[in-house]
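This report refers to the structure that appears directly beneath it.
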2 protein chains.
Amino acid sequence: MQKFVYSFNEGSKDMKFLLGGKGANLAEMTTIGLPVPFGFTITTDACKDYIAKGGKLDEAVVAEVYEHLAELEQVMGKKFGDVQNPLLVSVRSGAPFSMPGMMDTILNLGLNDDAVKGLAAITGNERFAYDSYRRFIQMFGDVVMEISKSKFDEIFDGQKKKAGVKLDVELTSEDLKEVITGYKALYKAEIGNDFPQEPREQLLEAIKAVFRSWNNERAILYRKLNHIADDLGTAVNVQSMVFGNSGNDSGTGVAFTRSPVNGENRIFGEFLVNAQGEDVVAGIRTPQPIDQMKETFPEVYARFVEVAGILEKHYKDMQDMEFTVENNKLFMLQTRNGKRTAAAAVKIAVDMVEEGLIDKETAVMRVEPEQIDQLLHPSFDAEAEKAAKLIAKGLPASPGAACGKIFFNAADAEAAVANGDKAILVREETSPEDLAGMVAAEGILTARGGMTSHAAVVARGMGKCCVAGCSAIVVSEAGKTMKVGDAVYSEGDFISLNGSNGSVYEGRVKTVAPELSGDFGKIMTWADGIRQLKVRTNADQPVDARQAVAFGAEGIGLCRTEHMFFEEERIPAIRRMIVADTEEERRAALDGLLPYQKGDFKGIYEAMEEKPVTIRLLDPPLHEFLPKTDEDKKILSEQYGIPLEKIEKATIELHEFNPMLGHRGCRLAVTYPEIAEMQTRAIMEAAIEVKAEKGYDIVPEIMIPLTVIDTEMEYVKSIVVETAEKCKAEKGSDIRYMVGTMVETPRAALTADAIAKHAEFFSFGTNDLTQMTFGFSRDDTGAIIKAYEDKGIFKDNIFQTLDQEGVGKLVKMAVEFGRQTRPDIKLGICGEHGGDPRSVEFCHNAGLNYVSCSPYRVPIARLAAAQAAIKNPRK
Amino acid sequence: MQKFVYSFNEGSKDMKFLLGGKGANLAEMTTIGLPVPFGFTITTDACKDYIAKGGKLDEAVVAEVYEHLAELEQVMGKKFGDVQNPLLVSVRSGAPFSMPGMMDTILNLGLNDDAVKGLAAITGNERFAYDSYRRFIQMFGDVVMEISKSKFDEIFDGQKKKAGVKLDVELTSEDLKEVITGYKALYKAEIGNDFPQEPREQLLEAIKAVFRSWNNERAILYRKLNHIADDLGTAVNVQSMVFGNSGNDSGTGVAFTRSPVNGENRIFGEFLVNAQGEDVVAGIRTPQPIDQMKETFPEVYARFVEVAGILEKHYKDMQDMEFTVENNKLFMLQTRNGKRTAAAAVKIAVDMVEEGLIDKETAVMRVEPEQIDQLLHPSFDAEAEKAAKLIAKGLPASPGAACGKIFFNAADAEAAVANGDKAILVREETSPEDLAGMVAAEGILTARGGMTSHAAVVARGMGKCCVAGCSAIVVSEAGKTMKVGDAVYSEGDFISLNGSNGSVYEGRVKTVAPELSGDFGKIMTWADGIRQLKVRTNADQPVDARQAVAFGAEGIGLCRTEHMFFEEERIPAIRRMIVADTEEERRAALDGLLPYQKGDFKGIYEAMEEKPVTIRLLDPPLHEFLPKTDEDKKILSEQYGIPLEKIEKATIELHEFNPMLGHRGCRLAVTYPEIAEMQTRAIMEAAIEVKAEKGYDIVPEIMIPLTVIDTEMEYVKSIVVETAEKCKAEKGSDIRYMVGTMVETPRAALTADAIAKHAEFFSFGTNDLTQMTFGFSRDDTGAIIKAYEDKGIFKDNIFQTLDQEGVGKLVKMAVEFGRQTRPDIKLGICGEHGGDPRSVEFCHNAGLNYVSCSPYRVPIARLAAAQAAIKNPRK
């Protein structure tokens with residue numbers, strides 16, 4: 001016969017699916033002999049049975065509940081509804097996975113007109129007993145019977161008015177008895193029956209309410225969003241109450257076995273004398289640090305330390321515990337693995353390895369990759385931030401903390417920094433022309449743009465703090481002010497930004513530098529020893545490349561060449577190139593750019609030494625380089641003798657309705673081969689020169705962007721190869737080089753077998769691939785994606801976490817097809833997904849050779865790659 | 001032993017791959033006893049052998065050539081290089097498929113310093129003999145030995161100057177002898193050897209030149225573009241010369257067995273007395289109609305008619321023949337299936353079935369689907385068009401002919417038509433707001449935009465003549481003029497447009513109405529009996545729907561609902577809907593639109609009777625409906641009391657960088673479910689009412705656009721179903737309906753198995769699917785696609801002919817996945833490819849149920865579907 005109810009001494013921590021997470025841990029603690037208030041768990045099977053029967057508790061379940069209740073009464077020496085020594089219980093839901101949205105705790109179940117007297121006697125506090133009773137009626141009426149909470153509040157507030165008091169606590173026992181009378185009348189009016197005086201009836205109703213709550217809207221949505229199966233069901237825990245508020249030899253506390261803040265190996269927590277768990281949460285009284293119990297409750301404290309030690313050794317992880325002391329006796333109410341900061345996670349993991357408690361694989365699995373981002377950036381001093389004046393909230397676009405004077409254009413910010421100031425660049429939104437100002441500034445604040453706006457992407461690439469899309473601020477770039485409500489901030493005023501949570505503060509807030517501690521280094525070394533994916537970085541500049549190498553990057557997976565063109569001394573040349581009417585004019589302008597590009601690449605090669613560097617040929621539509629304002633157009637015209645009409649004509653001709661799907665990528669190389677020639681020449685000459693100067697064995701990887709068809713790849717490759725061979729011949733060099741492509745259109749993936757005939761490597765550009773596979777533009781669909789996430793249509797932001805079913809299917813096809821044609825083809829990813837832990841796991845499983853991400857995500861990717869390898873060993 | 005050379009009496013028409021097309025037909029004519037100047041063919045195998053040997057003729061090949069040459073000399077009673085009676089031959093390439101780009105004809109090979117005298121004797125014309133000789137040296141030098149033609153011209157022009165003459169024909173024999181001396185000196189200087197006097201050497205060099213030309217650049221490109229295998233090789237035909245210019249009892253002609261213009265069953269052609277084939281082509285003398293030969297060459301004519309009859313019966317198709325008469329003797333030089341107009345193709349096919357010559361399948365295969373478009377539109381009277389003044393050329397965006405007064409905006413065009421004028425709408429480019437003017441006009445002319453611009457797409461949908469992207473005209477919409485060079489045309493001036501070839505004429509050109517003759521109807525009926533694909537149409541309006549039904553459409557595959565919103569009386573309501581701040585305001589505006597939409601759908605249902613109708617929910621981004629100019633914004637503001645700021649705010653908020661990838665398709669239904677609700681209500685109520693009024697059994701097919709994920713389809717479907725069920729309940733109707741989706745994002749295709757859980761049908765929207773699979777926007781990439789076609793990167797325009805390797809792979813995946821989940825899922829295509837014959841064949845092979853195309857392409861699709869079924873019988 002199926003068993004529907006387990007006493008706490010019948011289960012174990014491995015029975016999570018049957019008993020729920022909470023029930024399994026309560027059983028585990030009971031089984032290993034720790035002091036847990038006795039009770040029992042009604043299984044998830046009972047829940048499934050209840051649902052299958054259309055909302056009916058089976059007779060067998062009821063019978064088992066009553067049996068275990070009888071056992072509980074016997075163990076506790078108390079009786080349900082007893083006027084002398086009533087058994088009171090808590091009823092809690094407990095699903096296999098922690099699941100907000102379901103029914104919460106009901107305390108003090110078992111109270112009725114008789115038992116309340118018994119409670120008064122036990123606690124010696126009549127007011128408390130009646131307050132508990134009225135709370136229980138309200139909780140039961142609201143949570144179990146779905147009577148509107150406001151109707152209870154009305155009665156309660158009426159009583160306060162009648163008694164002429166302001167605070168709840170000023171009500172007397174007599175007042176509360178009147179409230180109870182009112183509540184019971186309300187209950188009868190709403191439900192049609194009296195409030196159940198029979199505790200068994202209370203219990204069965206509560207159990208059914210928990211089961212019902214498995215299918216309430218919030219719970220269904222939560223499961224959908226978190227991919228929890230709908231047919232798991234929830235368990236119900238029924239546990240005898242203990243009272244931490246039964247006098248000064250009682251109390252309640254929460255504690256961690258180690259510090260969740262910095263990982264220090266000592267008990268860390270709080271304790272409140274003569275109180276229940278709720279009081280700690282309510283925050284009315286200030287709890288004492290837990291080590292004070294050493295003096296006040298020496299024996300209990302010793303016992304608690306012992307229990308905590310047993311639990312940590314048993315679970316082999318830092319524990320987060322709730323406990324109650326009733327008349328100097330310790331009761332454990334809950335234990336679970338504790339949440340912790342990144343710093344704590346790293347220290348605890350390393351310490352536990354050194355203590356022999358866990359192995360290195362386990363340690364590596366214990367640190368959340370996303371979390372360690374916290375360790376790589378400056379942050380605010382916690383106290384200082386708490387005290388600071390918050391003036392607005394934007395999107396946490398790039399983590400870290402920054403503080404400086406505000407400036408409203410790149411030139412002013414640069415000038416200020418040159419003068420020794422610290423600057424915050426404030427813009428409506430940034431554009432590539434702001435690049436120098438962004439480099440100079442401590443942080444960036446924009447009024448418009450989302451998590452993938454220019455400001456956000458570039459700032460993350462630099463590891464620079466950025467708050468984006470802060471719509472509460474009104475920026476006047478001309479007037480050099482920003483307004484927030486009525487407050488006006490002018491150039492030179494100080495503000496502080498927290499890029500990790502989007503906060504904007506007035507004035508200066510103290511920052512703390514990141515410390516890449518020895519423990520961090522150890523974890524990363526262990527991760528490197530485990531992972532099979534290489535980790536490269538996306539970097540366009542030597543300074544970024546060096547930063548990435550410091551973070552452990554093993555190469556550059558994507559060196560964009562367009563950012564280089566925006567520098568002040570170069571942009572005129574590229575503009576001349578764009579407005580050129582003839583190939584000859586264009587070549588002349590390109591000749592002017594060649595030395596700059598060559599210099600760029602030499603800097604990159606020198607920074608990377610012999611590590612592989614993938615350089616992408618020019619990608620963005622040319623109109624991005626043209627001046628936008630009439631003034632800038634005039635300057636260009638005057639300084640370089642280009643007729644204004646020619647600039648206007650180019651602007652009109654290059655206008656595109658959908659630039660994302662327009663004249664960009666290798667389409668530029670097809671229509672203007674001379675651009676690809678110049679870039680190839682710069683790449684090759686730089687490599688040959690650095691090889692000669694430094695002796696590095698450099699093998700440039702030249703990447704052709706946005707390929708759609710094999711014939712296009714063949715055509716552009718022939719331009720590259722011809723130029724590269726010419727350079728080799730001119731310099732008498734035998735340098736090797738590779739030519740590959742970015743797979744970023746669906747068609748490239750679908751025809752990867754044909755394209756691989758001409759490509760020595762593929763790099764998956766999953767940003768564009770996602771845009772085209774979904775037909776979602778990153779620049780335009782922030783609000784839509786938000787709506788889709790809210791409605792549960794998307795489970796993740798598709799631009800942060802790779803969509804495995806759609807985009808991932810294309811990646812897997814391309815991997816398979818590519819290897820069919822060219823078994824040794826090199827495969828990597830260079831979209832933003834390359835730094836997302838779940839996407840890294842996908843890349844590991846898809847069999848890629850490397851991931852590439854922005855410098856500040858390199859450590860994240862290293863750790864994620866190691867975890868992927870542990871979870872999914874490659875054959 | 002392998003045989004490398006075939007005499008004409010050894011081959012047959014089925015040996016095309018060995019002898020080439022021309023050689024096979026010459027052999028066939030010889031074998032069935034027709035008079036063909038004797039000769040032989042060197043096989044494609046010899047060509048392959050030549051290439052494999054790195055450009056060397058095998059001894060065996062040379063030996064066989066000499067053997068056949070000896071045979072030829074014997075048969076002709078002439079000798080190579082003979083001073084009395086020289087054998088002269090033509091040498092022609094002949095690949096298995098007609099292939100421009102390869103080496104052309106060399107005539108009179110065998111001439112040398114001796115043979116020229118023989119030729120003079122035979123023709124009795126010394127000047128002709130020496131002119132032939134100098135031409136032969138030049139042809140041999142240029143084509144075989146690759147000496148620059150300009151160097152020969154220099155010598156020739158020098159001689160003319162020296163002789164003091166202007167025209168080539170004024171040069172005497174003596175002059176020509178001097179030219180020959182000069183040519184030979186040039187030859188020696190360039191090649192290092194004397195011009196070969198030995199005819200055998202001439203012949204071998206000519207054969208090698210033909211073989212080499214198989215791999216010249218133009219030939220390789222042509223093969224690439226036309227998918228001809230590179231390893232087929234070419235044959236060489238060596239044929240004894242006959243001379244149509246040997247006196248007044250000689251001549252040359254070309255003829256067809258039936259009229260290639262209208263298909264009439266009589267010999268049709270031209271004949272020139274005392275002339276060679278080249279003279280006909282040169283057009284110096286006017287040839288006589290072929291039936292005049294009846295009088296001038298009665299016996300030869302009778303023989304020719306007999307031969308033509310034999311050839312047509314033999315080939316069972318209309319033949320295009322070349323012949324020469326030498327001294328009253330007929331020689332056939334070539335026969336092949338003749339090219340013909342659509343009208344001729346239809347008549348010939350039908351006649352031949354009725355004559356018992358071919359069966360219906362063959363007849364259906366004989367008509368080019370693309371060609372019949374000619375039969376569906378008005379056209380210009382050929383004589384009148386020839387005489388008209390051409391002022392500019394644009395893109396042939398929508399076929400047909402139109403003539404009318406020019407107007408520069410939709411309102412003026414409409415007003416003029418209301419006044420009884422015929423109008424041509426001339427615009428810089430059109431937008432949806434021009435729709436009414438486009439409907440009213442006879443034709444449309446735009447200065448900007450490509451084959452898939454708004455003007456082009458909409459005009460083709462209407463079957464209305466359109467010339468687009470005519471960059472030679474400068475339109476001043478404000479000034480109401482258009483300039484072409486210096487000429488200025490003002491409002492009210494007449495112009496005429498030929499949408500089939502892009503010509504723009506000044507003034508009025510006479511048009512001829514289309515005649516869907518009985519023969520056309522017969523072919524189409526036969527096609528309908530053969531095809532397995534259904535053919536539907538894309539139509540938004542009853543008038544289009546009726547036109548399509550007249551053309552044989554079996555349903556509507558795509559009824560867009562957005563065009564309906566642009567009508568003058570409705571657009572204010574949709575604009576109010578867009579600028580609404582709250583759902584309530586939006587619902588109020590939508591309520592105003594409901595009666596219109598319902599009326600639209602009733603009209604469509606009535607036009608289609610019980611044929612299936614697929615209606616797509618609103619698709620375009622909302623900003624398309626907003627006024628663009630400040631004036632229109634002001635009008636909207638004033639007329640409807642909407643604050644101007646609100647309109648401006650909406651304009652800014654709705655701006656998108658890449659609208660194609662933005663807030664459109666079912667994303668609108670997710671964010672504004674009330675729009676989908678209104679449209680569903682209109683669709684259902686209209687169907688219920690028409691069903692009640694007319695008794696038609698209507699089953700609306702409601703199509704959700706741009707789906708990317710199953711959860712989205714599920715969400716939007718739930719809105720549709722809920723509303724539809726509400727409508728049914730309100731009206732007490734049991735009407736059936738279907739809900740499906742447009743598969744137009746790569747992701748939808750990749751996850752079609754999941755989406756099919758919620759979709760009862762898929763319609764492939766291959767326009768958007770192509771855009772996203774390639775990352776090519778139709779609006780922006782006209783010039784890029786042109787460049788890609790020019791460079792041979794794309795073989796077809798991807799927006800006209802479905803890309804089978806990439807987009808087609810997605811379609812096939814979606815078909816397979818969709819049927820896995822839902823075996824009876826209905827599958828169709830509604831992109832523009834649905835009317836392209838090769839794409840229709842793909843759809844047949846992919847197993848779709850139907851194709852849908854614009855009304856005027858319905859007959860093309862019917863025919864193409866029948867041909868697909870004949871070529872690829874479904875199991």
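The chains in the structure tokens are called A, B, ... from first to last as shown; in each chain the residues are counted from 1, and the ligands are counted from 1 in the order shown.
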
**OP:** At a cut-off of 6 Å, list the chain B residues touching chain A, using only C-alpha atoms, as number ranges by chain.
**Re:** B: 656, 658, 661-662, 708, 711-712, 746-747, 750, 772-777, 780-781, 793, 806

Subject >> Shell around Ala866 in chain B at 8 Å using only C-alpha atoms, local window under 6 positions removed, as a PyMOL selection string >> reply: chain B and resi 364+527-532

Original post:
Contacts of Phe40 in chain A at 9 Å or less, counting only C-alpha atoms, minus same-chain residues fewer than 5 places along, as an NGL selection string?
Top reply: :A and (5-10 or 23 or 27 or 65 or 68-69 or 72 or 236-239)

Output N, CA, C and O atoms for every residue in the selection just made, as a PDB file, in the first residue's frame.
ATOM      1  N   VAL A   5       2.216   9.555   4.338  1.00  0.00           N
ATOM      2  CA  VAL A   5       2.692  10.438   5.411  1.00  0.00           C
ATOM      3  C   VAL A   5       3.927   9.810   6.061  1.00  0.00           C
ATOM      4  O   VAL A   5       3.952   8.606   6.329  1.00  0.00           O
ATOM      5  N   TYR A   6       4.975  10.660   6.217  1.00  0.00           N
ATOM      6  CA  TYR A   6       6.216  10.202   6.834  1.00  0.00           C
ATOM      7  C   TYR A   6       6.475  11.017   8.093  1.00  0.00           C
ATOM      8  O   TYR A   6       6.474  12.259   8.043  1.00  0.00           O
ATOM      9  N   SER A   7       6.721  10.303   9.198  1.00  0.00           N
ATOM     10  CA  SER A   7       7.221  11.021  10.372  1.00  0.00           C
ATOM     11  C   SER A   7       8.622  11.512  10.066  1.00  0.00           C
ATOM     12  O   SER A   7       9.294  10.968   9.198  1.00  0.00           O
ATOM     13  N   PHE A   8       9.039  12.562  10.815  1.00  0.00           N
ATOM     14  CA  PHE A   8      10.374  13.129  10.567  1.00  0.00           C
ATOM     15  C   PHE A   8      11.458  12.065  10.729  1.00  0.00           C
ATOM     16  O   PHE A   8      12.527  12.181  10.146  1.00  0.00           O
ATOM     17  N   ASN A   9      11.204  11.041  11.550  1.00  0.00           N
ATOM     18  CA  ASN A   9      12.257  10.025  11.737  1.00  0.00           C
ATOM     19  C   ASN A   9      12.194   8.925  10.679  1.00  0.00           C
ATOM     20  O   ASN A   9      12.887   7.937  10.771  1.00  0.00           O
ATOM     21  N   GLU A  10      11.359   9.107   9.710  1.00  0.00           N
ATOM     22  CA  GLU A  10      11.274   8.092   8.652  1.00  0.00           C
ATOM     23  C   GLU A  10      11.928   8.541   7.327  1.00  0.00           C
ATOM     24  O   GLU A  10      12.062   7.744   6.414  1.00  0.00           O
ATOM     25  N   GLY A  23      10.979  19.367   4.072  1.00  0.00           N
ATOM     26  CA  GLY A  23      10.644  18.121   4.772  1.00  0.00           C
ATOM     27  C   GLY A  23      11.825  17.169   4.799  1.00  0.00           C
ATOM     28  O   GLY A  23      12.110  16.521   5.824  1.00  0.00           O
ATOM     29  N   ALA A  27      13.695  15.877   8.176  1.00  0.00           N
ATOM     30  CA  ALA A  27      13.840  14.442   8.434  1.00  0.00           C
ATOM     31  C   ALA A  27      15.304  14.084   8.636  1.00  0.00           C
ATOM     32  O   ALA A  27      15.661  13.328   9.558  1.00  0.00           O
ATOM     33  N   VAL A  65      -2.848  10.717   8.187  1.00  0.00           N
ATOM     34  CA  VAL A  65      -2.594  11.979   8.903  1.00  0.00           C
ATOM     35  C   VAL A  65      -3.007  11.813  10.357  1.00  0.00           C
ATOM     36  O   VAL A  65      -2.256  12.174  11.285  1.00  0.00           O
ATOM     37  N   HIS A  68      -0.525   9.706  12.328  1.00  0.00           N
ATOM     38  CA  HIS A  68       0.709  10.424  12.679  1.00  0.00           C
ATOM     39  C   HIS A  68       0.456  11.535  13.664  1.00  0.00           C
ATOM     40  O   HIS A  68       1.327  11.879  14.464  1.00  0.00           O
ATOM     41  N   LEU A  69      -0.766  12.063  13.658  1.00  0.00           N
ATOM     42  CA  LEU A  69      -1.128  13.083  14.633  1.00  0.00           C
ATOM     43  C   LEU A  69      -1.151  12.461  16.034  1.00  0.00           C
ATOM     44  O   LEU A  69      -0.628  13.044  16.999  1.00  0.00           O
ATOM     45  N   LEU A  72       2.234  12.041  17.142  1.00  0.00           N
ATOM     46  CA  LEU A  72       2.817  13.335  17.526  1.00  0.00           C
ATOM     47  C   LEU A  72       2.338  13.739  18.922  1.00  0.00           C
ATOM     48  O   LEU A  72       3.138  14.193  19.758  1.00  0.00           O
ATOM     49  N   VAL A 236       3.524  18.755   2.462  1.00  0.00           N
ATOM     50  CA  VAL A 236       3.078  19.632   3.560  1.00  0.00           C
ATOM     51  C   VAL A 236       3.772  19.156   4.835  1.00  0.00           C
ATOM     52  O   VAL A 236       3.759  17.955   5.137  1.00  0.00           O
ATOM     53  N   ASN A 237       4.390  20.125   5.532  1.00  0.00           N
ATOM     54  CA  ASN A 237       5.053  19.788   6.785  1.00  0.00           C
ATOM     55  C   ASN A 237       4.192  20.220   7.970  1.00  0.00           C
ATOM     56  O   ASN A 237       3.799  21.380   8.052  1.00  0.00           O
ATOM     57  N   VAL A 238       3.930  19.292   8.860  1.00  0.00           N
ATOM     58  CA  VAL A 238       3.168  19.587  10.083  1.00  0.00           C
ATOM     59  C   VAL A 238       4.126  19.350  11.240  1.00  0.00           C
ATOM     60  O   VAL A 238       4.645  18.241  11.413  1.00  0.00           O
ATOM     61  N   GLN A 239       4.380  20.417  11.981  1.00  0.00           N
ATOM     62  CA  GLN A 239       5.440  20.333  13.000  1.00  0.00           C
ATOM     63  C   GLN A 239       4.917  20.937  14.294  1.00  0.00           C
ATOM     64  O   GLN A 239       4.242  21.981  14.267  1.00  0.00           O
TER      65      GLN A 239
END

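In terms of minimum interatomic distance to Lys160 in chain B, B:Glu174 ranks closest within B:Glu174, B:Glu126, B:Asp230, B:Glu306, counting only C-alpha atoms.
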
**OP:** Identify, with DSSP run on backbone atoms, the residues in range 598-674 of chain B assigned to strand (DSSP E or B), and express the list as a ChimeraX atom specification.
**Re:** /B:613-616

Please save C-alpha atoms of the selected residues as a CSV table (one decimal), in the first residue's frame.
chain,number,residue,atom,x,y,z
B,613,VAL,CA,-9.4,32.4,-47.0
B,614,THR,CA,-6.4,32.9,-44.8
B,615,ILE,CA,-6.5,36.2,-43.0
B,616,ARG,CA,-3.3,37.5,-41.3

**OP:** Using only C-alpha atoms, pick whichever of A:Asp49, A:Asp157, A:Glu477, A:Tyr856 has the shortest atom-to-atom distance to Lys464 in chain A.
**Re:**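 Looking at the shortest contact to Lys464 in chain A, the residue is A:Tyr856.
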
**OP:** Considering only C-alpha atoms, state which residue in the set B:Ser90, B:Glu355, B:His563, B:Phe601 is at the smallest distance from Asp434 in chain B.
**Re:** B:His563

Original post:
What separation in Å, quoted to one decimal, exists between CA of Ile207 in chain A and CA of Ala121 in chain A?
Top reply: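 Computing the Euclidean distance for CA of Ile207 in chain A and CA of Ala121 in chain A yields 28.1 Å.
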
**OP:** May I have the residues within 9 Å of range 111-119 of chain A as a list in words, using only C-alpha atoms and disregarding those fewer than 6 positions away in the same chain?
**Re:**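 Skipping anything fewer than 6 positions along the chain leaves Phe80, Gly81, Asp82, Val83, Gln84, Asn85, Pro86, Leu87, Leu88, Asn125, Glu126, Phe128, Ala129, Tyr130, Ser132, Tyr133, Phe136, Ile137, Pro196, Gln197, Glu198 and Pro199 of chain A.
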
Written selection (N, CA, C and O atoms) as a short mmCIF file (atom, residue, chain, number, x, y, z; two decimals), in the first residue's frame:
data_model
loop_
_atom_site.label_atom_id
_atom_site.label_comp_id
_atom_site.auth_asym_id
_atom_site.auth_seq_id
_atom_site.Cartn_x
_atom_site.Cartn_y
_atom_site.Cartn_z
N PHE A 80 -4.27 17.81 20.93
CA PHE A 80 -4.87 18.79 20.03
C PHE A 80 -6.11 19.39 20.68
O PHE A 80 -7.00 18.68 21.15
N GLY A 81 -6.21 20.70 20.80
CA GLY A 81 -7.40 21.37 21.32
C GLY A 81 -7.55 21.29 22.82
O GLY A 81 -8.59 21.66 23.37
N ASP A 82 -6.50 20.85 23.49
CA ASP A 82 -6.62 20.64 24.93
C ASP A 82 -6.58 21.97 25.67
O ASP A 82 -5.80 22.87 25.35
N VAL A 83 -7.44 22.09 26.67
CA VAL A 83 -7.54 23.36 27.40
C VAL A 83 -6.37 23.53 28.38
O VAL A 83 -6.05 24.65 28.78
N GLN A 84 -5.69 22.41 28.73
CA GLN A 84 -4.55 22.47 29.65
C GLN A 84 -3.23 22.56 28.90
O GLN A 84 -2.42 23.45 29.17
N ASN A 85 -3.04 21.65 28.04
CA ASN A 85 -1.73 21.49 27.40
C ASN A 85 -1.95 21.19 25.92
O ASN A 85 -1.76 20.08 25.46
N PRO A 86 -2.38 22.21 25.22
CA PRO A 86 -2.78 21.96 23.83
C PRO A 86 -1.55 21.71 22.92
O PRO A 86 -0.53 22.36 23.08
N LEU A 87 -1.74 20.76 21.99
CA LEU A 87 -0.73 20.60 20.92
C LEU A 87 -1.02 21.65 19.86
O LEU A 87 -2.13 21.72 19.34
N LEU A 88 -0.01 22.48 19.59
CA LEU A 88 -0.15 23.44 18.48
C LEU A 88 0.87 23.07 17.42
O LEU A 88 1.97 22.63 17.75
N ASN A 125 1.02 34.44 29.44
CA ASN A 125 0.79 35.75 28.79
C ASN A 125 -0.53 35.70 28.06
O ASN A 125 -0.63 35.23 26.93
N GLU A 126 -1.58 36.14 28.71
CA GLU A 126 -2.91 36.04 28.13
C GLU A 126 -3.04 36.88 26.84
O GLU A 126 -3.60 36.45 25.85
N PHE A 128 -0.78 37.68 24.74
CA PHE A 128 -0.09 36.98 23.64
C PHE A 128 -0.96 35.86 23.08
O PHE A 128 -1.09 35.68 21.86
N ALA A 129 -1.58 35.11 23.98
CA ALA A 129 -2.40 33.96 23.56
C ALA A 129 -3.56 34.44 22.69
O ALA A 129 -3.82 33.87 21.63
N TYR A 130 -4.24 35.49 23.15
CA TYR A 130 -5.39 35.95 22.37
C TYR A 130 -4.96 36.64 21.07
O TYR A 130 -5.62 36.55 20.05
N SER A 132 -2.36 35.70 19.43
CA SER A 132 -2.03 34.57 18.55
C SER A 132 -3.31 33.98 17.96
O SER A 132 -3.35 33.61 16.78
N TYR A 133 -4.32 33.87 18.78
CA TYR A 133 -5.58 33.28 18.32
C TYR A 133 -6.21 34.14 17.21
O TYR A 133 -6.61 33.66 16.16
N PHE A 136 -4.29 33.73 14.16
CA PHE A 136 -4.53 32.43 13.54
C PHE A 136 -5.85 32.45 12.75
O PHE A 136 -5.93 31.96 11.62
N ILE A 137 -6.89 33.04 13.38
CA ILE A 137 -8.18 33.10 12.67
C ILE A 137 -8.03 33.89 11.37
O ILE A 137 -8.50 33.49 10.30
N PRO A 196 -13.95 26.83 12.39
CA PRO A 196 -13.86 25.46 12.92
C PRO A 196 -13.13 25.41 14.25
O PRO A 196 -11.97 25.78 14.34
N GLN A 197 -13.83 24.91 15.23
CA GLN A 197 -13.22 24.75 16.55
C GLN A 197 -12.47 23.43 16.64
O GLN A 197 -11.65 23.23 17.52
N GLU A 198 -12.76 22.55 15.73
CA GLU A 198 -12.14 21.22 15.77
C GLU A 198 -10.76 21.29 15.10
O GLU A 198 -10.65 21.50 13.89
N PRO A 199 -9.65 21.13 15.84
CA PRO A 199 -8.31 21.25 15.24
C PRO A 199 -8.08 20.29 14.08
O PRO A 199 -7.36 20.61 13.15
#

Original post:
How many Å separate CA of Leu863 in chain B from CA of Ile267 in chain B?
Top reply: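 Separating CA of Leu863 in chain B from CA of Ile267 in chain B is a distance of 28.3 Å.
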
Original post:
If we count only C-alpha atoms, what is near Pro542 in chain B at a cut-off of 10 Å, once residues fewer than 4 positions away on the same chain are taken out, given as a ChimeraX atom specification?
Top reply: /B:546-548,600-608

Subject >> Those of range 487-664 of chain B in DSSP helix (DSSP H, G or I), formatted as a ChimeraX atom specification >> reply: /B:518-530,542-550,563-566,571-579,583-608,622-625,630-640,644-654,659-661
